[in-house]
$ cat my_file08.txt   # compact mmCIF, C-alpha atoms (C1' of nucleotides)
# COMPACT_ATOMS: atom_id res chain seq x y z
CA MET H 1 190.54 39.53 256.23
CA PRO H 2 193.83 38.12 255.07
CA GLY H 3 195.86 39.56 252.21
CA TYR H 4 195.31 43.12 253.29
CA GLY H 5 198.00 45.73 253.72
CA PHE H 6 198.44 49.28 254.89
CA SER H 7 200.34 51.92 253.04
CA GLY H 8 201.73 55.26 254.12
CA TYR H 9 204.30 57.80 253.09
CA PHE H 10 205.81 61.11 253.98
CA CYS H 11 205.49 64.24 251.89
CA GLY H 12 209.21 64.78 251.81
CA GLU H 13 211.81 62.50 250.36
CA SER H 14 211.79 59.65 252.79
CA PHE H 15 209.37 56.80 252.88
CA LEU H 16 208.35 55.28 256.15
CA PRO H 17 206.78 51.91 256.68
CA VAL H 18 203.41 52.09 258.36
CA THR H 19 202.60 49.31 260.72
CA PRO H 20 199.41 47.39 260.04
CA SER H 21 197.09 48.59 262.74
CA SER H 22 193.51 48.94 261.63
CA ASP H 23 190.74 46.68 260.45
CA HIS H 24 190.23 48.94 257.50
CA LEU H 25 193.14 48.15 255.31
CA HIS H 26 194.09 48.02 251.71
CA PRO H 27 194.78 45.07 249.47
CA ALA H 28 198.52 44.48 249.28
CA VAL H 29 199.89 44.73 245.77
CA SER H 30 201.90 41.82 244.46
CA ARG H 31 204.38 42.55 241.71
CA PRO H 32 202.26 42.60 238.57
CA GLU H 33 203.05 40.49 235.52
CA PRO H 34 204.16 42.48 232.46
CA ALA H 35 201.58 40.61 230.39
CA VAL H 36 198.83 41.70 232.75
CA LEU H 37 200.00 45.30 232.59
CA GLN H 38 200.08 45.13 228.81
CA GLN H 39 196.55 43.83 228.86
CA ARG H 40 195.36 46.60 231.20
CA LEU H 41 196.90 49.19 228.90
CA ALA H 42 195.28 47.68 225.84
CA ALA H 43 191.93 47.46 227.63
CA ALA H 44 192.27 51.16 228.43
CA GLY H 45 192.88 51.89 224.76
CA LEU H 46 196.54 52.79 225.17
CA ARG H 47 199.49 51.44 223.21
CA ALA H 48 201.56 49.16 225.39
CA THR H 49 204.97 50.76 225.14
CA HIS H 50 207.88 49.71 227.30
CA GLN H 51 207.70 53.06 229.13
CA ARG H 52 204.02 52.80 229.90
CA ILE H 53 204.38 49.28 231.23
CA LEU H 54 207.20 50.41 233.49
CA ILE H 55 205.29 53.45 234.69
CA LEU H 56 202.15 51.47 235.41
CA GLU H 57 204.18 48.89 237.29
CA SER H 58 205.92 51.60 239.32
CA LEU H 59 202.58 53.14 240.23
CA LEU H 60 201.27 49.83 241.47
CA VAL H 61 204.43 48.94 243.33
CA LEU H 62 205.23 52.25 245.01
CA PRO H 63 203.73 52.65 248.48
CA GLY H 64 201.38 55.51 249.25
CA HIS H 65 200.79 58.29 246.79
CA PRO H 66 203.90 58.93 244.75
CA THR H 67 204.77 62.11 242.88
CA ALA H 68 205.77 62.13 239.22
CA GLU H 69 209.33 62.51 240.44
CA GLN H 70 209.09 59.41 242.61
CA VAL H 71 207.52 57.39 239.80
CA HIS H 72 210.34 58.56 237.55
CA ARG H 73 212.98 57.47 240.04
CA GLN H 74 211.34 54.06 240.36
CA VAL H 75 211.17 53.68 236.58
CA MET H 76 214.80 54.78 236.20
CA ALA H 77 215.90 51.98 238.53
CA ASN H 78 214.86 49.62 235.78
CA THR H 79 215.41 51.64 232.61
CA PRO H 80 217.53 54.76 233.13
CA THR H 81 216.68 56.31 229.78
CA VAL H 82 213.02 57.11 230.44
CA SER H 83 212.53 60.86 230.61
CA LEU H 84 210.64 62.76 233.27
CA GLY H 85 208.59 64.41 230.55
CA THR H 86 207.34 61.03 229.43
CA VAL H 87 206.35 60.20 232.99
CA TYR H 88 204.26 63.38 233.13
CA LYS H 89 202.62 62.73 229.78
CA THR H 90 201.97 59.11 230.67
CA LEU H 91 200.51 59.87 234.07
CA ASP H 92 198.20 62.37 232.36
CA SER H 93 196.93 59.75 229.94
CA PHE H 94 196.58 57.22 232.75
CA VAL H 95 194.39 59.67 234.65
CA GLU H 96 192.40 60.34 231.50
CA VAL H 97 191.60 56.66 230.92
CA GLY H 98 191.09 55.93 234.61
CA LEU H 99 194.19 53.82 235.24
CA THR H 100 195.17 56.12 238.07
CA LYS H 101 193.80 59.04 240.06
CA ARG H 102 195.22 62.27 241.31
CA VAL H 103 195.12 62.62 245.07
CA ALA H 104 193.72 65.82 246.54
CA SER H 105 195.86 67.49 249.15
CA ALA H 106 195.47 70.92 250.69
CA ASP H 107 199.14 71.80 251.03
CA ALA H 108 200.43 69.91 248.07
CA GLN H 109 203.41 71.47 246.35
CA CYS H 110 203.13 68.89 243.63
CA ARG H 111 200.69 66.37 242.30
CA ARG H 112 200.42 62.94 243.80
CA TYR H 113 199.00 59.86 242.15
CA ASP H 114 197.08 56.91 243.48
CA SER H 115 197.00 53.66 241.58
CA ASP H 116 194.16 52.46 243.76
CA CYS H 117 191.11 53.59 241.80
CA SER H 118 188.66 51.91 244.13
CA GLU H 119 186.80 54.21 246.44
CA HIS H 120 188.67 54.93 249.61
CA HIS H 121 189.39 57.70 252.05
CA HIS H 122 192.46 59.50 253.31
CA LEU H 123 193.79 60.26 256.73
CA TYR H 124 196.04 63.32 256.86
CA CYS H 125 198.42 63.55 259.75
CA THR H 126 198.86 67.26 260.43
CA ASP H 127 202.06 66.57 262.36
CA THR H 128 203.95 64.48 259.87
CA LYS H 129 202.07 65.44 256.68
CA GLU H 130 201.62 61.74 256.09
CA ILE H 131 198.68 60.59 254.00
CA ILE H 132 197.28 57.20 254.93
CA ASP H 133 194.77 55.25 252.90
CA TYR H 134 191.67 54.24 254.74
CA CYS H 135 188.82 52.15 253.52
CA ASN H 136 185.69 51.20 255.36
CA PRO H 137 182.71 49.80 253.47
CA GLN H 138 180.41 50.50 256.43
CA LEU H 139 181.26 54.17 256.28
CA ASP H 140 180.76 54.15 252.51
CA ALA H 141 177.35 52.59 252.93
CA LEU H 142 176.42 55.12 255.58
CA ILE H 143 177.28 58.09 253.40
CA ARG H 144 175.76 56.56 250.30
CA ASP H 145 172.51 55.90 252.16
CA PHE H 146 172.48 59.43 253.42
CA PHE H 147 172.64 60.86 249.92
CA ALA H 148 170.21 58.28 248.58
CA LYS H 149 167.62 59.41 251.11
CA GLN H 150 168.13 63.13 250.99
CA GLY H 151 170.06 63.79 247.85
CA LEU H 152 171.83 66.86 246.62
CA GLU H 153 169.80 69.26 244.57
CA ASN H 154 171.26 70.16 241.21
CA PHE H 155 174.17 67.81 241.67
CA GLN H 156 174.57 64.20 240.62
CA PRO H 157 177.29 62.64 242.79
CA HIS H 158 179.51 60.00 241.21
CA SER H 159 181.99 59.28 243.96
CA PHE H 160 183.06 60.65 247.27
CA SER H 161 186.11 60.60 249.44
CA LEU H 162 186.42 61.60 253.05
CA HIS H 163 189.47 63.60 254.07
CA ILE H 164 190.14 63.18 257.74
CA ALA H 165 192.73 65.47 259.29
CA GLY H 166 194.23 64.52 262.59
CA THR H 167 197.31 63.14 264.26
CA ARG H 168 198.74 59.68 264.42
CA VAL H 169 198.99 58.28 267.90
CA SER H 170 201.27 55.44 268.91
CA MET G 1 167.00 80.02 256.35
CA PRO G 2 167.41 83.64 255.32
CA GLY G 3 170.74 85.34 254.88
CA TYR G 4 172.30 82.33 253.26
CA GLY G 5 174.22 82.34 250.00
CA PHE G 6 175.82 79.96 247.60
CA SER G 7 179.26 80.36 246.19
CA GLY G 8 180.89 78.83 243.16
CA TYR G 9 183.67 79.51 240.74
CA PHE G 10 185.51 78.12 237.77
CA CYS G 11 189.06 76.93 237.80
CA GLY G 12 190.04 79.15 234.91
CA GLU G 13 189.97 82.89 234.75
CA SER G 14 186.30 83.57 234.66
CA PHE G 15 183.93 83.67 237.55
CA LEU G 16 180.41 82.48 237.15
CA PRO G 17 177.53 83.21 239.43
CA VAL G 18 175.98 80.10 240.88
CA THR G 19 172.29 80.19 241.45
CA PRO G 20 171.07 79.47 244.95
CA SER G 21 169.58 76.02 244.72
CA SER G 22 170.12 73.87 247.75
CA ASP G 23 169.05 73.86 251.35
CA HIS G 24 172.62 73.45 252.40
CA LEU G 25 174.09 76.80 251.77
CA HIS G 26 176.74 79.08 253.10
CA PRO G 27 176.40 82.32 254.99
CA ALA G 28 176.73 85.24 252.62
CA VAL G 29 179.62 87.53 253.46
CA SER G 30 178.89 91.18 253.97
CA ARG G 31 181.70 93.62 253.33
CA PRO G 32 183.71 93.54 256.54
CA GLU G 33 184.60 96.68 258.49
CA PRO G 34 188.32 97.53 258.45
CA ALA G 35 188.22 97.85 262.23
CA VAL G 36 186.88 94.33 262.55
CA LEU G 37 189.57 93.00 260.24
CA GLN G 38 192.22 94.82 262.26
CA GLN G 39 190.82 93.21 265.36
CA ARG G 40 190.83 89.75 263.82
CA LEU G 41 194.45 90.18 262.81
CA ALA G 42 195.42 91.35 266.26
CA ALA G 43 193.53 88.48 267.85
CA ALA G 44 195.48 86.12 265.61
CA GLY G 45 198.72 87.69 266.80
CA LEU G 46 199.52 89.42 263.52
CA ARG G 47 200.43 93.04 262.97
CA ALA G 48 197.59 94.85 261.28
CA THR G 49 199.32 96.29 258.23
CA HIS G 50 197.46 97.92 255.38
CA GLN G 51 198.33 95.00 253.12
CA ARG G 52 197.13 92.35 255.53
CA ILE G 53 193.84 94.12 256.07
CA LEU G 54 193.33 94.33 252.31
CA ILE G 55 194.25 90.71 251.77
CA LEU G 56 191.99 89.50 254.54
CA GLU G 57 189.15 91.59 253.15
CA SER G 58 189.72 90.22 249.65
CA LEU G 59 189.66 86.67 250.95
CA LEU G 60 186.35 87.26 252.66
CA VAL G 61 184.81 89.09 249.74
CA LEU G 62 185.94 86.88 246.86
CA PRO G 63 183.50 84.13 245.94
CA GLY G 64 184.54 80.50 245.99
CA HIS G 65 188.12 79.50 246.58
CA PRO G 66 190.45 82.09 245.13
CA THR G 67 194.05 81.59 244.12
CA ALA G 68 196.85 83.84 245.33
CA GLU G 69 196.70 85.46 241.90
CA GLN G 70 193.00 86.22 242.25
CA VAL G 71 193.48 87.61 245.75
CA HIS G 72 196.27 89.78 244.39
CA ARG G 73 194.08 91.11 241.59
CA GLN G 74 191.33 91.92 244.08
CA VAL G 75 193.81 93.69 246.36
CA MET G 76 195.29 95.62 243.44
CA ALA G 77 191.87 97.02 242.61
CA ASN G 78 192.15 98.95 245.84
CA THR G 79 195.88 99.46 246.24
CA PRO G 80 197.88 98.77 243.07
CA THR G 81 201.25 98.74 244.80
CA VAL G 82 200.83 95.54 246.80
CA SER G 83 203.16 92.87 245.47
CA LEU G 84 202.26 89.29 244.65
CA GLY G 85 205.09 88.11 246.88
CA THR G 86 203.46 89.83 249.82
CA VAL G 87 200.17 88.11 249.02
CA TYR G 88 201.92 84.74 249.13
CA LYS G 89 203.72 85.51 252.39
CA THR G 90 200.55 86.87 253.93
CA LEU G 91 198.39 83.93 252.88
CA ASP G 92 201.00 81.64 254.39
CA SER G 93 200.84 83.42 257.73
CA PHE G 94 197.04 83.47 257.57
CA VAL G 95 197.01 79.70 257.13
CA GLU G 96 199.48 79.34 259.96
CA VAL G 97 197.33 81.28 262.42
CA GLY G 98 194.09 79.78 261.14
CA LEU G 99 192.61 82.84 259.45
CA THR G 100 192.25 80.87 256.24
CA LYS G 101 192.58 77.34 254.95
CA ARG G 102 194.05 75.80 251.86
CA VAL G 103 191.54 73.87 249.78
CA ALA G 104 192.40 70.37 248.65
CA SER G 105 191.90 69.66 245.00
CA ALA G 106 193.02 66.67 242.99
CA ASP G 107 193.82 68.46 239.76
CA ALA G 108 194.90 71.77 241.19
CA GLN G 109 197.63 73.53 239.26
CA CYS G 110 197.88 76.08 242.01
CA ARG G 111 196.82 76.55 245.59
CA ARG G 112 193.36 77.78 246.47
CA TYR G 113 192.32 79.40 249.68
CA ASP G 114 189.11 79.30 251.65
CA SER G 115 188.27 82.04 254.12
CA ASP G 116 185.50 79.90 255.54
CA CYS G 117 187.29 78.02 258.30
CA SER G 118 184.14 76.37 259.57
CA GLU G 119 183.76 72.72 258.76
CA HIS G 120 182.17 72.19 255.38
CA HIS G 121 182.34 69.95 252.35
CA HIS G 122 183.07 70.39 248.68
CA LEU G 123 181.27 69.33 245.55
CA TYR G 124 183.56 68.95 242.55
CA CYS G 125 181.92 69.15 239.17
CA THR G 126 183.96 66.93 236.89
CA ASP G 127 182.54 68.67 233.83
CA THR G 128 183.19 72.28 234.67
CA LYS G 129 185.91 71.78 237.34
CA GLU G 130 183.78 73.96 239.56
CA ILE G 131 184.15 73.60 243.31
CA ILE G 132 180.99 74.28 245.28
CA ASP G 133 180.80 74.66 249.03
CA TYR G 134 178.38 72.39 250.74
CA CYS G 135 177.45 72.26 254.38
CA ASN G 136 175.07 69.94 256.08
CA PRO G 137 175.11 69.60 259.86
CA GLN G 138 173.11 66.36 259.67
CA LEU G 139 175.81 64.78 257.55
CA ASP G 140 178.47 66.08 259.93
CA ALA G 141 176.65 64.56 262.88
CA LEU G 142 176.30 61.26 261.06
CA ILE G 143 179.99 60.97 260.31
CA ARG G 144 181.02 62.21 263.73
CA ASP G 145 178.77 59.63 265.39
CA PHE G 146 180.22 56.93 263.22
CA PHE G 147 183.75 57.68 264.35
CA ALA G 148 182.68 58.17 267.93
CA LYS G 149 181.22 54.66 267.98
CA GLN G 150 183.90 52.83 266.05
CA GLY G 151 186.91 55.05 266.07
CA LEU G 152 190.11 54.91 264.09
CA GLU G 153 192.94 52.99 265.61
CA ASN G 154 196.18 54.90 265.98
CA PHE G 155 194.65 58.07 264.63
CA GLN G 156 193.05 60.96 266.46
CA PRO G 157 190.79 62.80 263.99
CA HIS G 158 190.45 66.57 264.34
CA SER G 159 188.30 67.49 261.40
CA PHE G 160 186.94 65.97 258.26
CA SER G 161 185.76 67.12 254.90
CA LEU G 162 183.85 65.17 252.31
CA HIS G 163 184.86 65.60 248.68
CA ILE G 164 182.01 64.70 246.43
CA ALA G 165 182.77 64.37 242.73
CA GLY G 166 179.93 64.53 240.27
CA THR G 167 178.21 66.71 237.75
CA ARG G 168 175.96 69.68 238.11
CA VAL G 169 172.52 69.19 236.67
CA SER G 170 170.19 71.97 235.71
C1' DA L 1 203.77 52.29 206.67
C1' DT L 2 201.26 55.24 209.59
C1' DG L 3 200.61 57.72 213.26
C1' DC L 4 201.02 57.64 218.16
C1' DT L 5 205.01 58.03 221.65
C1' DT L 6 209.33 59.31 223.21
C1' DG L 7 213.47 62.12 224.51
C1' DC L 8 215.29 66.39 224.81
C1' DA L 9 215.43 71.01 225.92
C1' DA L 10 213.32 75.19 226.29
C1' DA L 11 209.55 77.62 228.07
C1' DC L 12 206.04 78.40 231.34
C1' DT L 13 203.52 78.82 235.76
C1' DC L 14 203.39 79.04 240.46
C1' DT L 15 205.89 79.88 244.61
C1' DT L 16 209.86 81.05 247.49
C1' DT L 17 213.82 83.72 248.82
C1' DG L 18 217.23 87.56 249.88
C1' DC L 19 217.86 92.02 250.82
C1' DA L 20 217.27 96.95 251.44
C1' DC L 21 213.72 100.02 252.76
C1' DA L 22 209.30 101.03 255.20
C1' DC L 23 206.26 100.88 258.79
C1' DC L 24 203.57 99.10 262.97
C1' DA L 25 203.63 98.64 267.97
C1' DT J 1 213.21 102.81 267.97
C1' DG J 2 213.37 97.88 267.23
C1' DG J 3 211.95 94.42 264.90
C1' DT J 4 208.60 92.78 261.74
C1' DG J 5 206.58 93.38 257.10
C1' DT J 6 207.03 94.89 252.29
C1' DG J 7 208.57 95.47 247.38
C1' DC J 8 211.42 94.00 244.03
C1' DA J 9 213.73 90.90 241.31
C1' DA J 10 215.94 86.74 240.85
C1' DA J 11 215.88 81.97 241.66
C1' DG J 12 213.57 77.58 242.41
C1' DA J 13 210.31 73.79 241.85
C1' DG J 14 207.00 71.50 239.20
C1' DT J 15 204.90 70.95 234.84
C1' DT J 16 203.99 71.64 229.90
C1' DT J 17 205.20 72.06 225.09
C1' DG J 18 207.36 71.60 220.34
C1' DC J 19 209.73 68.94 217.42
C1' DA J 20 212.56 65.37 215.32
C1' DA J 21 213.38 60.56 215.80
C1' DG J 22 211.54 55.97 217.41
C1' DC J 23 208.40 52.38 217.82
C1' DA J 24 203.73 49.78 218.27
C1' DT J 25 200.13 48.18 215.61

$ encode --input "my_file08.txt" --output "structure tokens"
Amino acid sequence: MPGYGFSGYFCGESFLPVTPSSDHLHPAVSRPEPAVLQQRLAAAGLRATHQRILILESLLVLPGHPTAEQVHRQVMANTPTVSLGTVYKTLDSFVEVGLTKRVASADAQCRRYDSDCSEHHHLYCTDTKEIIDYCNPQLDALIRDFFAKQGLENFQPHSFSLHIAGTRVS
Amino acid sequence: MPGYGFSGYFCGESFLPVTPSSDHLHPAVSRPEPAVLQQRLAAAGLRATHQRILILESLLVLPGHPTAEQVHRQVMANTPTVSLGTVYKTLDSFVEVGLTKRVASADAQCRRYDSDCSEHHHLYCTDTKEIIDYCNPQLDALIRDFFAKQGLENFQPHSFSLHIAGTRVS
DNA sequence: ATGCTTGCAAACTCTTTGCACACCA
DNA sequence: TGGTGTGCAAAGAGTTTGCAAGCAT
């Protein structure tokens, strides 16, 4: 499976590269064309402002699951006048229209965003607090089959995500 | 399966009862004896102060996944002098020694705690923002088998939890 | 031109911290 | 009694809000 990448990050300030190591990897993001971003915004029913294009680009380009703060910093590298408040408002509307997702985390002190809206799972390293994307269609099929056969009463599932806590090993 | 209960709550202020409806339910909590709580604290290596006993009791008694604020309110009903700061500090130490867990939630504005440290899953209702506990040993076995057969490279899983988003249906 | 978006700053919520006093072991 | 835990209040971090000015359609 060529063209696949692996993303990871640390909860603190620093970003760490994560070595490709598994068969269950994520599509690498190539720098998106402004025109494409503009189109995605329009398709989502949002006005394509300069700020929104920058914020969407930052989301797609940043590794892992950035905070509003980290998105802001990335945006500022290009256009230093964009305010943090705008980043918050924009991320909210992106979530609303499905351009991004919020990532669930048990010990989160702040919200994290995930530009990858496809279904995937998360590995939590309890040592380093790292969150690593994990996708495995076989696993998805397994779980989906399970619920198809013996479904949930009184609950219509739309999507699921497995949170696996553990430790990274070299 | 007698003696089983079902817990649910709303993200806002109000609590709603959730009708028992599924086969995959959670043990109902009976009001714990202070002596037992004291023992659990001691076993966890914590001093059994009045406040800690109250907070542990509140955690066990409150339905769903209470916030620090909700725990505090519950504690105050018994002893109105306990401070919110103490509740925070205490919940932190409880998490540290494994007496409680933090619950992951994508759109959490504040931390939620779960006194049920056994492995279980969560149903998120996207309409009502309700979080419903769900446990199903068959599902657990299925997932565990899957990882036993084709494990994760470079990652040693300790526990997992499935987050199922969807909508409640009557 | 109209109305959605932005920047700014203040306000707000949740959580942490420092310190003197209190209390468990 | 010694050292940990608590209450209080202030500070800190993250997020939201209100409003005038700016910009996309």

$ atom_distance --input "my_file08.txt" --atom1 "atom C1' of L:DA1" --atom2 "atom C1' of J:DG22"
13.8 Å

$ residues_near_point --input "my_file08.txt" --point "(170.3, 71.1, 237.3)" --cutoff "10 Å" --atoms "all atoms listed in the file" --output "PyMOL selection string"
(chain H and resi 153-156) or (chain G and resi 21+167-170)

$ residues_around --input "my_file08.txt" --residues "J:DA13" --least-positions-apart "6" --cutoff "9 Å" --atoms "only C-alpha atoms (C1' of nucleotides)" --output "MDAnalysis selection string"
(chainID H and resid 109:110) or (chainID L and resid 14:15)

$ atom_distance --input "my_file08.txt" --atom1 "atom CA of G:His121" --atom2 "atom CA of G:Gln39"
28.0 Å

$ closest_atom_pairs --input "my_file08.txt" --of "chain L" --to "chain H" --cutoff "12 Å" --atoms "all atoms listed in the file" --output "JSON lines"
{"residue": "L:DG3", "atom": "C1'", "partner": "H:Arg47", "partner_atom": "CA", "distance": 11.8}
{"residue": "L:DC4", "atom": "C1'", "partner": "H:Arg47", "partner_atom": "CA", "distance": 8.1}
{"residue": "L:DT5", "atom": "C1'", "partner": "H:Thr49", "partner_atom": "CA", "distance": 8.1}
{"residue": "L:DT6", "atom": "C1'", "partner": "H:Thr86", "partner_atom": "CA", "distance": 6.8}
{"residue": "L:DG7", "atom": "C1'", "partner": "H:Ser83", "partner_atom": "CA", "distance": 6.3}
{"residue": "L:DC8", "atom": "C1'", "partner": "H:Ser83", "partner_atom": "CA", "distance": 8.5}
{"residue": "L:DA9", "atom": "C1'", "partner": "H:Gly85", "partner_atom": "CA", "distance": 10.6}
{"residue": "L:DC14", "atom": "C1'", "partner": "H:Gln109", "partner_atom": "CA", "distance": 9.6}
{"residue": "L:DT15", "atom": "C1'", "partner": "H:Gln109", "partner_atom": "CA", "distance": 8.9}
{"residue": "L:DT16", "atom": "C1'", "partner": "H:Gln109", "partner_atom": "CA", "distance": 11.6}

$ residues_near_point --input "my_file08.txt" --point "(217.8, 92.8, 248.3)" --cutoff "9 Å" --atoms "only C-alpha atoms (C1' of nucleotides)" --output "MDAnalysis selection string"
(chainID L and resid 18:20) or (chainID J and resid 8:9)

$ atom_distance --input "my_file08.txt" --atom1 "atom CA of H:Pro32" --atom2 "atom CA of H:Leu123"
26.7 Å

$ closest_atom_pairs --input "my_file08.txt" --of "chain J" --to "chain H" --cutoff "8 Å" --atoms "all atoms listed in the file" --output "tab-separated table"
residue	atom	partner	partner_atom	distance
J:DG14	C1'	H:Cys110	CA	6.4
J:DT15	C1'	H:Tyr88	CA	7.8
J:DA24	C1'	H:Arg47	CA	6.7

$ interface_residues --input "my_file08.txt" --of "chain G" --to "chain H" --cutoff "10 Å" --atoms "all atoms listed in the file" --output "ChimeraX atom specification"
/G:21-24,101-113,121-126,134,138-139,142-143,146-147,152-170

$ residues_around --input "my_file08.txt" --residues "L:DA22" --least-positions-apart "3" --cutoff "10 Å" --atoms "all atoms listed in the file" --output "VMD selection string"
chain J and resid 5 to 7

$ residues_around --input "my_file08.txt" --residues "G:Thr100" --least-positions-apart "6" --cutoff "7 Å" --atoms "only C-alpha atoms (C1' of nucleotides)" --output "VMD selection string"
chain G and resid 94 113 to 117
